[in-house]
>>> print(open('my_file-v8.cif').read())   # mmCIF, C-alpha atoms and all ligand atoms
data_model
loop_
_atom_site.label_atom_id
_atom_site.label_comp_id
_atom_site.auth_asym_id
_atom_site.auth_seq_id
_atom_site.Cartn_x
_atom_site.Cartn_y
_atom_site.Cartn_z
CA MET A 225 -16.48 -12.74 46.52
CA THR A 226 -17.58 -12.85 42.89
CA ASN A 227 -15.41 -14.79 40.52
CA LEU A 228 -14.34 -12.26 37.93
CA GLY A 229 -12.18 -14.81 36.15
CA ARG A 230 -8.97 -13.01 37.00
CA VAL A 231 -5.95 -14.26 35.10
CA SER A 232 -2.57 -12.62 34.79
CA ARG A 233 -2.83 -12.46 31.03
CA VAL A 234 -4.89 -14.00 28.23
CA ARG A 235 -2.89 -16.14 25.86
CA LEU A 236 -2.60 -14.71 22.34
CA ARG A 237 -3.64 -17.02 19.51
CA ASP A 238 -0.93 -19.70 19.21
CA ASP A 239 -0.21 -18.93 15.55
CA LEU A 240 0.47 -15.28 16.43
CA SER A 241 2.69 -15.79 19.47
CA GLY A 242 5.97 -15.34 17.58
CA LEU A 243 4.77 -12.30 15.63
CA GLU A 244 6.36 -8.86 15.97
CA GLY A 245 4.06 -5.86 15.51
CA TYR A 246 4.73 -3.38 12.69
CA HIS A 247 7.39 -0.94 13.80
CA SER A 248 8.62 2.35 12.38
CA PRO A 249 9.78 5.16 14.67
CA GLN A 250 7.65 8.34 14.73
CA ILE A 251 10.23 10.93 15.70
CA GLN A 252 9.61 14.66 15.29
CA VAL A 253 12.49 15.84 13.13
CA SER A 254 12.54 18.31 10.27
CA VAL A 255 13.12 15.75 7.51
CA ARG A 256 11.08 12.58 7.96
CA LEU A 257 11.73 10.10 5.18
CA ASN A 258 11.25 6.74 6.93
CA THR A 259 7.67 5.95 5.96
CA ASN A 260 7.67 7.36 2.42
CA GLU A 261 4.95 9.90 3.07
CA SER A 262 4.71 12.94 0.85
CA PRO A 263 7.00 15.72 2.12
CA TYR A 264 4.46 18.24 0.77
CA PRO A 265 1.02 18.88 2.24
CA PRO A 266 -2.09 18.72 0.03
CA PRO A 267 -3.07 22.12 -1.44
CA PRO A 268 -4.76 24.62 0.93
CA GLY A 269 -7.78 24.68 -1.38
CA PHE A 270 -8.37 21.02 -0.61
CA ALA A 271 -8.33 21.51 3.17
CA ARG A 272 -10.75 24.46 2.86
CA ALA A 273 -13.17 22.55 0.61
CA TRP A 274 -13.10 19.58 2.96
CA ALA A 275 -13.75 21.71 6.06
CA ASP A 276 -16.65 23.52 4.33
CA GLN A 277 -18.34 20.30 3.27
CA LEU A 278 -17.70 18.47 6.54
CA ALA A 279 -20.12 20.92 8.14
CA LEU A 280 -22.87 19.68 5.81
CA LEU A 281 -22.56 15.96 6.63
CA ASP A 282 -25.40 14.21 8.43
CA LEU A 283 -23.29 13.06 11.35
CA ASN A 284 -26.23 11.28 12.99
CA ARG A 285 -26.45 8.92 9.98
CA TYR A 286 -24.15 6.05 9.06
CA PRO A 287 -21.95 6.76 6.06
CA ASP A 288 -22.82 5.45 2.61
CA ARG A 289 -21.92 1.81 2.94
CA SER A 290 -20.85 1.45 -0.66
CA SER A 291 -18.87 4.73 -0.91
CA ARG A 292 -20.77 5.44 -4.12
CA GLN A 293 -19.60 8.98 -4.81
CA LEU A 294 -15.98 8.20 -4.08
CA ARG A 295 -16.01 5.13 -6.30
CA GLN A 296 -17.65 7.08 -9.12
CA GLY A 297 -14.98 9.76 -8.81
CA LEU A 298 -12.19 7.20 -8.83
CA GLY A 299 -13.79 5.38 -11.75
CA ALA A 300 -13.99 8.56 -13.79
CA ARG A 301 -10.37 9.37 -13.04
CA LEU A 302 -8.96 5.89 -13.70
CA ALA A 303 -11.24 4.92 -16.61
CA GLN A 304 -12.74 1.89 -14.86
CA PRO A 305 -16.39 1.26 -13.87
CA ALA A 306 -17.25 2.28 -10.29
CA GLU A 307 -18.33 -1.33 -9.59
CA ARG A 308 -14.70 -2.43 -9.84
CA PHE A 309 -13.61 -0.31 -6.84
CA PHE A 310 -13.46 -1.20 -3.18
CA CYS A 311 -12.32 1.46 -0.69
CA GLY A 312 -10.96 1.02 2.81
CA ASN A 313 -9.18 2.72 5.71
CA GLY A 314 -5.79 2.71 4.04
CA SER A 315 -4.64 0.13 1.53
CA ASN A 316 -3.57 -1.97 4.51
CA GLU A 317 -7.24 -2.50 5.32
CA VAL A 318 -7.91 -3.30 1.68
CA ILE A 319 -5.13 -5.92 1.80
CA GLN A 320 -6.54 -7.30 5.03
CA THR A 321 -9.99 -7.57 3.45
CA LEU A 322 -8.50 -9.36 0.42
CA LEU A 323 -6.78 -11.86 2.71
CA LEU A 324 -9.91 -12.37 4.82
CA ALA A 325 -11.74 -13.15 1.59
CA TYR A 326 -9.17 -15.24 -0.27
CA GLY A 327 -6.61 -16.29 2.34
CA GLY A 328 -7.22 -17.72 5.80
CA PRO A 329 -6.56 -21.13 7.34
CA GLY A 330 -5.56 -23.75 4.79
CA ARG A 331 -4.67 -21.14 2.16
CA ARG A 332 -1.29 -19.75 1.12
CA ALA A 333 0.02 -16.34 0.08
CA LEU A 334 3.24 -15.94 -1.89
CA VAL A 335 5.54 -12.96 -1.36
CA PHE A 336 8.82 -12.18 -3.09
CA GLU A 337 11.21 -10.89 -0.44
CA PRO A 338 12.34 -8.28 0.24
CA SER A 339 9.02 -6.53 -0.17
CA TYR A 340 6.44 -4.57 1.79
CA VAL A 341 6.45 -6.24 5.21
CA LEU A 342 2.71 -5.84 5.69
CA HIS A 343 1.82 -8.26 2.91
CA ALA A 344 3.30 -11.17 4.88
CA HIS A 345 2.33 -9.65 8.23
CA ILE A 346 -1.35 -9.22 7.40
CA ALA A 347 -1.39 -12.66 5.78
CA ARG A 348 -0.22 -14.16 9.09
CA LEU A 349 -2.75 -12.13 11.07
CA THR A 350 -5.50 -13.63 8.94
CA GLY A 351 -4.21 -17.18 9.45
CA THR A 352 -2.91 -17.41 5.88
CA GLU A 353 0.27 -19.43 5.43
CA VAL A 354 3.06 -17.31 3.96
CA VAL A 355 5.33 -18.71 1.26
CA GLU A 356 8.47 -16.61 0.84
CA ALA A 357 10.34 -16.62 -2.45
CA GLU A 358 13.52 -14.72 -3.12
CA ARG A 359 14.03 -12.11 -5.78
CA PRO A 360 16.94 -12.73 -8.13
CA ASP A 361 19.75 -10.52 -6.74
CA GLY A 362 17.17 -8.72 -4.64
CA LEU A 363 15.79 -6.68 -7.52
CA ALA A 364 13.02 -7.22 -10.07
CA ILE A 365 11.26 -10.58 -9.94
CA GLY A 366 10.96 -10.82 -13.72
CA PRO A 367 8.59 -13.02 -15.73
CA GLU A 368 10.66 -16.23 -15.63
CA VAL A 369 11.04 -16.36 -11.83
CA ALA A 370 7.43 -15.29 -11.30
CA ALA A 371 6.12 -18.03 -13.59
CA ARG A 372 8.40 -20.73 -12.20
CA VAL A 373 7.72 -20.05 -8.51
CA ILE A 374 3.97 -19.64 -8.98
CA ALA A 375 3.69 -22.81 -11.06
CA ALA A 376 5.61 -24.73 -8.38
CA GLU A 377 3.82 -23.29 -5.34
CA ARG A 378 0.28 -22.80 -6.67
CA PRO A 379 -0.50 -20.14 -4.05
CA ASP A 380 -4.01 -18.83 -3.44
CA VAL A 381 -2.78 -15.23 -3.41
CA VAL A 382 0.38 -13.75 -4.99
CA PHE A 383 1.67 -10.35 -3.93
CA LEU A 384 3.58 -8.25 -6.40
CA CYS A 385 4.60 -4.72 -5.47
CA SER A 386 5.45 -2.26 -8.21
CA PRO A 387 7.37 -0.09 -7.57
CA ASN A 388 8.54 -2.37 -4.81
CA ASN A 389 8.94 -1.18 -1.24
CA PRO A 390 11.81 -1.16 -0.09
CA THR A 391 13.84 -1.53 -3.31
CA GLY A 392 12.03 0.98 -5.54
CA VAL A 393 12.24 -1.45 -8.45
CA VAL A 394 9.42 -1.45 -11.02
CA GLU A 395 8.11 -4.79 -12.26
CA THR A 396 7.36 -4.95 -15.97
CA ARG A 397 4.01 -5.70 -17.48
CA ALA A 398 5.49 -9.03 -18.64
CA THR A 399 6.00 -10.05 -15.00
CA VAL A 400 2.38 -9.37 -14.10
CA GLU A 401 1.22 -11.23 -17.21
CA ALA A 402 3.52 -14.16 -16.43
CA ALA A 403 2.16 -14.32 -12.87
CA LEU A 404 -1.39 -14.38 -14.21
CA GLY A 405 -0.54 -17.04 -16.75
CA ALA A 406 1.21 -19.31 -14.26
CA GLY A 407 -1.86 -20.45 -12.38
CA ALA A 408 -2.11 -18.29 -9.26
CA SER A 409 -5.65 -18.00 -7.95
CA LEU A 410 -5.36 -14.27 -7.39
CA VAL A 411 -2.60 -11.79 -8.25
CA VAL A 412 -2.46 -8.65 -6.11
CA VAL A 413 -0.35 -5.79 -7.45
CA ASP A 414 0.37 -3.19 -4.77
CA GLU A 415 0.77 0.10 -6.63
CA ALA A 416 1.18 2.46 -3.68
CA TYR A 417 3.85 4.29 -5.70
CA ALA A 418 2.81 3.69 -9.33
CA GLU A 419 2.28 7.38 -10.13
CA PHE A 420 6.00 7.95 -9.50
CA ALA A 421 6.80 5.30 -12.14
CA SER A 422 6.07 4.96 -15.82
CA TRP A 423 3.35 2.30 -16.00
CA SER A 424 0.44 0.77 -14.12
CA ALA A 425 -1.21 -2.65 -14.27
CA LEU A 426 -4.61 -0.92 -14.06
CA ASP A 427 -5.47 -1.42 -17.71
CA LEU A 428 -5.10 -5.20 -17.29
CA VAL A 429 -7.97 -5.21 -14.79
CA ASP A 430 -10.98 -7.01 -16.22
CA ASP A 431 -13.90 -9.05 -14.90
CA GLU A 432 -12.40 -12.20 -16.43
CA ILE A 433 -8.88 -11.79 -15.00
CA PRO A 434 -7.95 -12.70 -11.39
CA LEU A 435 -5.99 -9.50 -10.91
CA VAL A 436 -6.49 -6.74 -8.36
CA VAL A 437 -4.50 -3.50 -8.21
CA VAL A 438 -4.21 -1.85 -4.78
CA LYS A 439 -3.66 1.89 -4.45
CA THR A 440 -3.53 4.46 -1.69
CA TYR A 441 -4.03 8.15 -0.94
CA SER A 442 -1.14 7.96 1.55
CA LYS A 443 1.78 8.75 -0.79
CA VAL A 444 0.77 10.22 -4.14
CA TRP A 445 -2.13 12.27 -2.75
CA ALA A 446 -0.18 13.44 0.33
CA LEU A 447 -2.99 12.27 2.62
CA ALA A 448 -1.42 9.62 4.85
CA ALA A 449 -3.28 10.99 7.89
CA LEU A 450 -6.63 10.22 6.28
CA ARG A 451 -6.14 6.44 6.03
CA LEU A 452 -7.72 5.93 2.63
CA GLY A 453 -6.87 3.23 0.14
CA PHE A 454 -8.69 1.31 -2.55
CA CYS A 455 -8.38 -1.49 -5.03
CA VAL A 456 -9.50 -2.00 -8.59
CA GLY A 457 -10.49 -5.52 -9.52
CA PRO A 458 -13.16 -7.67 -11.16
CA ARG A 459 -16.77 -6.97 -10.13
CA TRP A 460 -17.07 -10.39 -8.46
CA LEU A 461 -14.03 -9.63 -6.32
CA VAL A 462 -15.54 -6.34 -5.15
CA GLU A 463 -18.76 -8.19 -4.28
CA ASP A 464 -16.74 -10.69 -2.23
CA LEU A 465 -14.87 -7.91 -0.41
CA GLU A 466 -18.14 -6.19 0.43
CA LYS A 467 -19.30 -9.38 2.16
CA VAL A 468 -16.13 -9.47 4.26
CA ALA A 469 -15.78 -5.78 5.21
CA LEU A 470 -17.44 -4.53 8.36
CA PRO A 471 -20.62 -2.56 7.67
CA TYR A 472 -20.06 1.21 7.34
CA HIS A 473 -16.31 0.70 7.68
CA LEU A 474 -15.33 3.88 5.84
CA PRO A 475 -16.17 7.17 7.62
CA ALA A 476 -18.20 9.77 5.72
CA SER A 477 -15.45 12.34 6.40
CA THR A 478 -12.91 10.09 4.67
CA GLN A 479 -15.16 9.36 1.70
CA LEU A 480 -15.72 13.09 1.31
CA ALA A 481 -12.01 13.89 1.50
CA GLY A 482 -11.18 11.21 -1.06
CA THR A 483 -13.77 12.58 -3.47
CA LEU A 484 -12.68 16.20 -3.02
CA ALA A 485 -8.99 15.36 -3.48
CA LEU A 486 -9.81 14.16 -6.99
CA GLY A 487 -10.58 17.78 -7.86
CA PHE A 488 -6.90 18.64 -7.34
CA VAL A 489 -5.26 16.39 -9.92
CA ALA A 490 -3.04 19.12 -11.39
CA GLU A 491 -1.64 19.94 -7.94
CA MET A 492 -1.07 16.24 -7.27
CA GLU A 493 0.76 15.80 -10.55
CA GLU A 494 2.91 18.83 -9.76
CA ARG A 495 3.91 17.32 -6.40
CA VAL A 496 4.66 13.98 -8.04
CA ALA A 497 6.84 15.64 -10.69
CA ALA A 498 8.72 17.62 -8.03
CA ILE A 499 9.35 14.46 -6.00
CA VAL A 500 10.52 12.54 -9.06
CA ALA A 501 12.97 15.36 -9.88
CA GLU A 502 14.26 15.32 -6.29
CA ARG A 503 14.57 11.54 -6.41
CA GLU A 504 16.78 11.76 -9.50
CA ARG A 505 18.88 14.50 -7.89
CA LEU A 506 19.31 12.35 -4.78
CA ILE A 507 20.28 9.31 -6.85
CA ARG A 508 22.91 11.38 -8.69
CA GLY A 509 24.27 12.78 -5.43
CA LEU A 510 24.44 9.46 -3.65
CA SER A 511 25.95 7.71 -6.68
CA ALA A 512 28.74 10.27 -6.78
CA MET A 513 29.73 9.39 -3.23
CA GLU A 514 32.57 6.96 -2.67
CA GLY A 515 31.45 3.41 -1.87
CA PHE A 516 27.68 3.99 -1.98
CA LYS A 517 25.55 1.46 -3.84
CA VAL A 518 22.39 3.14 -5.08
CA PHE A 519 19.46 1.20 -6.53
CA PRO A 520 17.33 2.62 -9.34
CA SER A 521 13.91 3.74 -8.09
CA GLY A 522 10.49 4.28 -9.63
CA ALA A 523 9.05 5.36 -6.28
CA ASN A 524 9.29 8.41 -3.98
CA PHE A 525 12.23 6.91 -2.07
CA VAL A 526 15.70 5.59 -2.82
CA LEU A 527 17.38 2.45 -1.50
CA PHE A 528 21.12 2.73 -0.99
CA ARG A 529 23.81 0.77 0.77
CA PRO A 530 26.45 2.96 2.41
CA PRO A 531 30.00 1.83 2.89
CA GLY A 532 30.75 0.87 6.50
CA ASP A 533 28.33 0.99 9.41
CA GLY A 534 24.79 1.69 8.22
CA HIS A 535 23.39 2.13 11.70
CA ALA A 536 26.02 4.74 12.57
CA LEU A 537 25.07 6.66 9.43
CA TRP A 538 21.38 6.41 10.39
CA GLN A 539 22.24 7.86 13.81
CA ARG A 540 24.34 10.68 12.37
CA LEU A 541 21.62 11.64 9.93
CA LEU A 542 19.08 11.62 12.77
CA GLU A 543 21.29 13.95 14.80
CA GLN A 544 21.09 16.35 11.86
CA GLY A 545 17.31 16.09 11.76
CA VAL A 546 17.01 13.55 8.92
CA LEU A 547 15.14 10.33 9.69
CA VAL A 548 15.76 7.56 7.17
CA ARG A 549 15.00 3.87 7.31
C1 LIG B 1 3.04 2.98 2.11
C2 LIG B 1 2.55 1.77 1.47
C3 LIG B 1 1.20 1.45 1.47
C4 LIG B 1 0.22 2.38 2.12
O1 LIG B 1 -0.58 1.80 3.04
P1 LIG B 1 -1.82 2.65 3.58
O2 LIG B 1 -2.47 1.71 4.52
O3 LIG B 1 -2.65 2.97 2.38
O4 LIG B 1 -1.27 3.88 4.21
C5 LIG B 1 0.76 0.33 0.81
N1 LIG B 1 1.63 -0.46 0.16
C6 LIG B 1 2.94 -0.19 0.12
C7 LIG B 1 3.85 -1.06 -0.64
C8 LIG B 1 3.44 0.92 0.79
O5 LIG B 1 4.74 1.17 0.78
#
>>> encode(input="my_file-v8.cif", output="structure tokens")
Amino acid sequence: MTNLGRVSRVRLRDDLSGLEGYHSPQIQVSVRLNTNESPYPPPPGFARAWADQLALLDLNRYPDRSSRQLRQGLGARLAQPAERFFCGNGSNEVIQTLLLAYGGPGRRALVFEPSYVLHAHIARLTGTEVVEAERPDGLAIGPEVAARVIAAERPDVVFLCSPNNPTGVVETRATVEAALGAGASLVVVDEAYAEFASWSALDLVDDEIPLVVVKTYSKVWALAALRLGFCVGPRWLVEDLEKVALPYHLPASTQLAGTLALGFVAEMEERVAAIVAERERLIRGLSAMEGFKVFPSGANFVLFRPPGDGHALWQRLLEQGVLVR
């Protein structure tokens, strides 16, 4: 008999053995709010344009490795040179690429909890040690705390998230500047929701500043199914990320969709405005209810603490076709 090396199970890397995978239920109900996707589809004109141009792609050829057209389109829209953009399969892949480049064994990433769970999760997957700091009263980090913790910890990578998932709180420009001034090697600002808020750290991006802003098509552009995200950072950072990314990692169909979506800015802004109006209506409604604590939000979601049993409320909402987190 040949020895096929049968074992009951291969042992996962020791440093990952305690790790839980990312979990969020995908339940088919009429109102799905638990992953902060856009409730509105992209405009029909976008889907038609994409389908028409998909037919013209050279499917036998690898996609453009440097996503040139997409980066030029993004650069024109965001007033930054195309060379400062790196695109990936969702901003999660962009974050993973950043951590492969600047984290890894022997390096440390700082997160201010509670925040987007994937920052710490992807850090651990890449062998990066995670340093967890607490937010003052769970809300904005603020410049003083940011500067103090970063100066004490000297992390290789600092994650800020503005507006923050899951609190919705917007960090000020002063916080980002304080983080940069405090001696972190690299400051990552996750701006998955920035278009729903009033400011962006994008105009701080410069070749001389160790700052990278991460953005996604998943929320603002109503294209979560595409898996397209990008970051804007110094040219040297983009060059580093290109060394780390797998060759041809971004499908031609995705690059095309991302470029075409940029032709529908007015429709995107209309959706964003409608969602912001709904957010404010929801905040007013929840605030008027006895015993509910509602947090201010600059995102497309609202954090609230109900009186009594939160899980029971979650279940009751689900029974009525509303999935919250
Ligand atoms: C939803 C979300 C993302 C999006 O990730 P993709 O991989 O681009 O879908 C990124 N960051 C935060 C904070 C989010 O909430």
>>> closest_atom_pairs(input="my_file-v8.cif", of="chain A", to="ligand LIG 1 (chain B)", cutoff="10 Å", atoms="only C-alpha atoms and all ligand atoms", output="JSON lines")
{"residue": "A:Thr259", "atom": "CA", "partner": "B:LIG1", "partner_atom": "C1", "distance": 6.7}
{"residue": "A:Asn260", "atom": "CA", "partner": "B:LIG1", "partner_atom": "C1", "distance": 6.4}
{"residue": "A:Glu261", "atom": "CA", "partner": "B:LIG1", "partner_atom": "C1", "distance": 7.2}
{"residue": "A:Gly312", "atom": "CA", "partner": "B:LIG1", "partner_atom": "O3", "distance": 8.5}
{"residue": "A:Asn313", "atom": "CA", "partner": "B:LIG1", "partner_atom": "O2", "distance": 6.9}
{"residue": "A:Gly314", "atom": "CA", "partner": "B:LIG1", "partner_atom": "O2", "distance": 3.5}
{"residue": "A:Ser315", "atom": "CA", "partner": "B:LIG1", "partner_atom": "O3", "distance": 3.6}
{"residue": "A:Asn316", "atom": "CA", "partner": "B:LIG1", "partner_atom": "O2", "distance": 3.8}
{"residue": "A:Glu317", "atom": "CA", "partner": "B:LIG1", "partner_atom": "O2", "distance": 6.4}
{"residue": "A:Val318", "atom": "CA", "partner": "B:LIG1", "partner_atom": "O2", "distance": 7.9}
{"residue": "A:Ile319", "atom": "CA", "partner": "B:LIG1", "partner_atom": "O2", "distance": 8.5}
{"residue": "A:Gln320", "atom": "CA", "partner": "B:LIG1", "partner_atom": "O2", "distance": 9.9}
{"residue": "A:Ser339", "atom": "CA", "partner": "B:LIG1", "partner_atom": "C7", "distance": 7.5}
{"residue": "A:Tyr340", "atom": "CA", "partner": "B:LIG1", "partner_atom": "C7", "distance": 5.0}
{"residue": "A:Val341", "atom": "CA", "partner": "B:LIG1", "partner_atom": "C7", "distance": 8.2}
{"residue": "A:Leu342", "atom": "CA", "partner": "B:LIG1", "partner_atom": "N1", "distance": 7.8}
{"residue": "A:His343", "atom": "CA", "partner": "B:LIG1", "partner_atom": "N1", "distance": 8.3}
{"residue": "A:Leu384", "atom": "CA", "partner": "B:LIG1", "partner_atom": "C7", "distance": 9.2}
{"residue": "A:Cys385", "atom": "CA", "partner": "B:LIG1", "partner_atom": "C7", "distance": 6.1}
{"residue": "A:Ser386", "atom": "CA", "partner": "B:LIG1", "partner_atom": "C7", "distance": 7.8}
{"residue": "A:Pro387", "atom": "CA", "partner": "B:LIG1", "partner_atom": "C7", "distance": 7.8}
{"residue": "A:Asn388", "atom": "CA", "partner": "B:LIG1", "partner_atom": "C7", "distance": 6.4}
{"residue": "A:Asn389", "atom": "CA", "partner": "B:LIG1", "partner_atom": "C7", "distance": 5.1}
{"residue": "A:Pro390", "atom": "CA", "partner": "B:LIG1", "partner_atom": "O5", "distance": 7.5}
{"residue": "A:Gly392", "atom": "CA", "partner": "B:LIG1", "partner_atom": "O5", "distance": 9.7}
{"residue": "A:Val413", "atom": "CA", "partner": "B:LIG1", "partner_atom": "C7", "distance": 9.3}
{"residue": "A:Asp414", "atom": "CA", "partner": "B:LIG1", "partner_atom": "N1", "distance": 5.8}
{"residue": "A:Glu415", "atom": "CA", "partner": "B:LIG1", "partner_atom": "C7", "distance": 6.8}
{"residue": "A:Ala416", "atom": "CA", "partner": "B:LIG1", "partner_atom": "N1", "distance": 4.8}
{"residue": "A:Tyr417", "atom": "CA", "partner": "B:LIG1", "partner_atom": "O5", "distance": 7.2}
{"residue": "A:Ala418", "atom": "CA", "partner": "B:LIG1", "partner_atom": "C7", "distance": 10.0}
{"residue": "A:Val438", "atom": "CA", "partner": "B:LIG1", "partner_atom": "N1", "distance": 7.8}
{"residue": "A:Lys439", "atom": "CA", "partner": "B:LIG1", "partner_atom": "O3", "distance": 7.0}
{"residue": "A:Thr440", "atom": "CA", "partner": "B:LIG1", "partner_atom": "O3", "distance": 4.4}
{"residue": "A:Tyr441", "atom": "CA", "partner": "B:LIG1", "partner_atom": "O3", "distance": 6.3}
{"residue": "A:Ser442", "atom": "CA", "partner": "B:LIG1", "partner_atom": "O4", "distance": 4.9}
{"residue": "A:Lys443", "atom": "CA", "partner": "B:LIG1", "partner_atom": "C1", "distance": 6.6}
{"residue": "A:Val444", "atom": "CA", "partner": "B:LIG1", "partner_atom": "C1", "distance": 9.8}
{"residue": "A:Leu447", "atom": "CA", "partner": "B:LIG1", "partner_atom": "O4", "distance": 8.7}
{"residue": "A:Ala448", "atom": "CA", "partner": "B:LIG1", "partner_atom": "O4", "distance": 5.8}
{"residue": "A:Ala449", "atom": "CA", "partner": "B:LIG1", "partner_atom": "O4", "distance": 8.3}
{"residue": "A:Leu450", "atom": "CA", "partner": "B:LIG1", "partner_atom": "O4", "distance": 8.6}
{"residue": "A:Arg451", "atom": "CA", "partner": "B:LIG1", "partner_atom": "O4", "distance": 5.8}
{"residue": "A:Leu452", "atom": "CA", "partner": "B:LIG1", "partner_atom": "O3", "distance": 5.9}
{"residue": "A:Gly453", "atom": "CA", "partner": "B:LIG1", "partner_atom": "O3", "distance": 4.8}
{"residue": "A:Phe454", "atom": "CA", "partner": "B:LIG1", "partner_atom": "O3", "distance": 8.0}
{"residue": "A:Ala523", "atom": "CA", "partner": "B:LIG1", "partner_atom": "O5", "distance": 9.3}
{"residue": "A:Asn524", "atom": "CA", "partner": "B:LIG1", "partner_atom": "O5", "distance": 9.8}
{"residue": "A:Phe525", "atom": "CA", "partner": "B:LIG1", "partner_atom": "O5", "distance": 9.9}
>>> closest_atom_pairs(input="my_file-v8.cif", of="range 415-469 of chain A", to="range 290-293 of chain A", cutoff="12 Å", atoms="all atoms listed in the file", output="Markdown table")
| residue | atom | partner | partner_atom | distance |
| --- | --- | --- | --- | --- |
| A:Leu452 | CA | A:Ser291 | CA | 11.8 |
| A:Phe454 | CA | A:Ser291 | CA | 10.9 |
| A:Val462 | CA | A:Ser290 | CA | 10.4 |
| A:Glu463 | CA | A:Ser290 | CA | 10.5 |
| A:Leu465 | CA | A:Ser290 | CA | 11.1 |
| A:Glu466 | CA | A:Ser290 | CA | 8.2 |
| A:Lys467 | CA | A:Ser290 | CA | 11.3 |
| A:Ala469 | CA | A:Ser290 | CA | 10.6 |
>>> atom_distance(input="my_file-v8.cif", atom1="CA of His247 in chain A", atom2="CA of Phe516 in chain A")
26.2 Å
>>> residues_around(input="my_file-v8.cif", residues="Arg372 in chain A", least_positions_apart="6", cutoff="12 Å", atoms="all atoms listed in the file", output="list in words")
Ala357, Ile365, Gly366, Arg378, Thr399, Ala402, Ala403, Leu404, Gly405, Ala406, Gly407 and Ala408 of chain A
>>> residues_around(input="my_file-v8.cif", residues="range 455-461 of chain A", least_positions_apart="5", cutoff="8 Å", atoms="all atoms listed in the file", output="list of chain:residue names")
A:Glu307, A:Arg308, A:Phe309, A:Phe310, A:Cys311, A:Ser315, A:Val318, A:Leu426, A:Val429, A:Asp430, A:Asp431, A:Glu432, A:Ile433, A:Pro434, A:Leu435, A:Val436, A:Val437, A:Val438, A:Lys439
>>> atom_distance(input="my_file-v8.cif", atom1="CA of Val411 in chain A", atom2="CA of Ala303 in chain A")
20.6 Å
>>> atom_distance(input="my_file-v8.cif", atom1="CA of Ser409 in chain A", atom2="CA of Val394 in chain A")
22.6 Å
>>> closest_residue(input="my_file-v8.cif", among="A:Asp464, A:Ala398, A:Ala376, A:Thr478", to="Ala275 in chain A", atoms="all atoms listed in the file")
A:Thr478
>>> closest_atom_pairs(input="my_file-v8.cif", of="range 364-400 of chain A", to="range 351-355 of chain A", cutoff="12 Å", atoms="only C-alpha atoms", output="CSV")
residue,atom,partner,partner_atom,distance
A:Val373,CA,A:Val355,CA,10.1
A:Ile374,CA,A:Val355,CA,10.4
A:Ala376,CA,A:Val355,CA,11.4
A:Glu377,CA,A:Val355,CA,8.2
A:Arg378,CA,A:Val355,CA,10.3
A:Pro379,CA,A:Val355,CA,8.0
A:Asp380,CA,A:Thr352,CA,9.5
A:Val381,CA,A:Thr352,CA,9.5
A:Val382,CA,A:Val355,CA,9.4
A:Phe383,CA,A:Val355,CA,10.5
>>> closest_residue(input="my_file-v8.cif", among="A:Leu302, A:Ile507, A:Ala481, A:Leu486", to="Phe519 in chain A", atoms="all atoms listed in the file")
A:Ile507
>>> closest_residue(input="my_file-v8.cif", among="A:Arg549, A:Ala536, A:Thr391, A:Leu349", to="Glu337 in chain A", atoms="all atoms listed in the file")
A:Thr391
>>> closest_residue(input="my_file-v8.cif", among="A:Leu324, A:Ala364, A:Leu480, A:Val253", to="Leu281 in chain A", atoms="all atoms listed in the file")
A:Leu480
>>> residues_around(input="my_file-v8.cif", residues="Arg508 in chain A", least_positions_apart="2", cutoff="12 Å", atoms="all atoms listed in the file", output="PDB file with C-alpha atoms, in the frame of the given file")
ATOM      1  CA  ALA A 501      12.970  15.360  -9.880  1.00  0.00           C
ATOM      2  CA  GLU A 502      14.260  15.320  -6.290  1.00  0.00           C
ATOM      3  CA  ARG A 503      14.570  11.540  -6.410  1.00  0.00           C
ATOM      4  CA  GLU A 504      16.780  11.760  -9.500  1.00  0.00           C
ATOM      5  CA  ARG A 505      18.880  14.500  -7.890  1.00  0.00           C
ATOM      6  CA  LEU A 506      19.310  12.350  -4.780  1.00  0.00           C
ATOM      7  CA  LEU A 510      24.440   9.460  -3.650  1.00  0.00           C
ATOM      8  CA  SER A 511      25.950   7.710  -6.680  1.00  0.00           C
ATOM      9  CA  ALA A 512      28.740  10.270  -6.780  1.00  0.00           C
ATOM     10  CA  MET A 513      29.730   9.390  -3.230  1.00  0.00           C
ATOM     11  CA  PHE A 516      27.680   3.990  -1.980  1.00  0.00           C
ATOM     12  CA  LYS A 517      25.550   1.460  -3.840  1.00  0.00           C
ATOM     13  CA  VAL A 518      22.390   3.140  -5.080  1.00  0.00           C
ATOM     14  CA  PHE A 519      19.460   1.200  -6.530  1.00  0.00           C
ATOM     15  CA  PRO A 520      17.330   2.620  -9.340  1.00  0.00           C
ATOM     16  CA  SER A 521      13.910   3.740  -8.090  1.00  0.00           C
ATOM     17  CA  VAL A 526      15.700   5.590  -2.820  1.00  0.00           C
ATOM     18  CA  PHE A 528      21.120   2.730  -0.990  1.00  0.00           C
TER      19      PHE A 528
END
>>> closest_residue(input="my_file-v8.cif", among="A:Leu484, A:Ala347, A:Val500, A:Leu474", to="Tyr326 in chain A", atoms="all atoms listed in the file")
A:Ala347
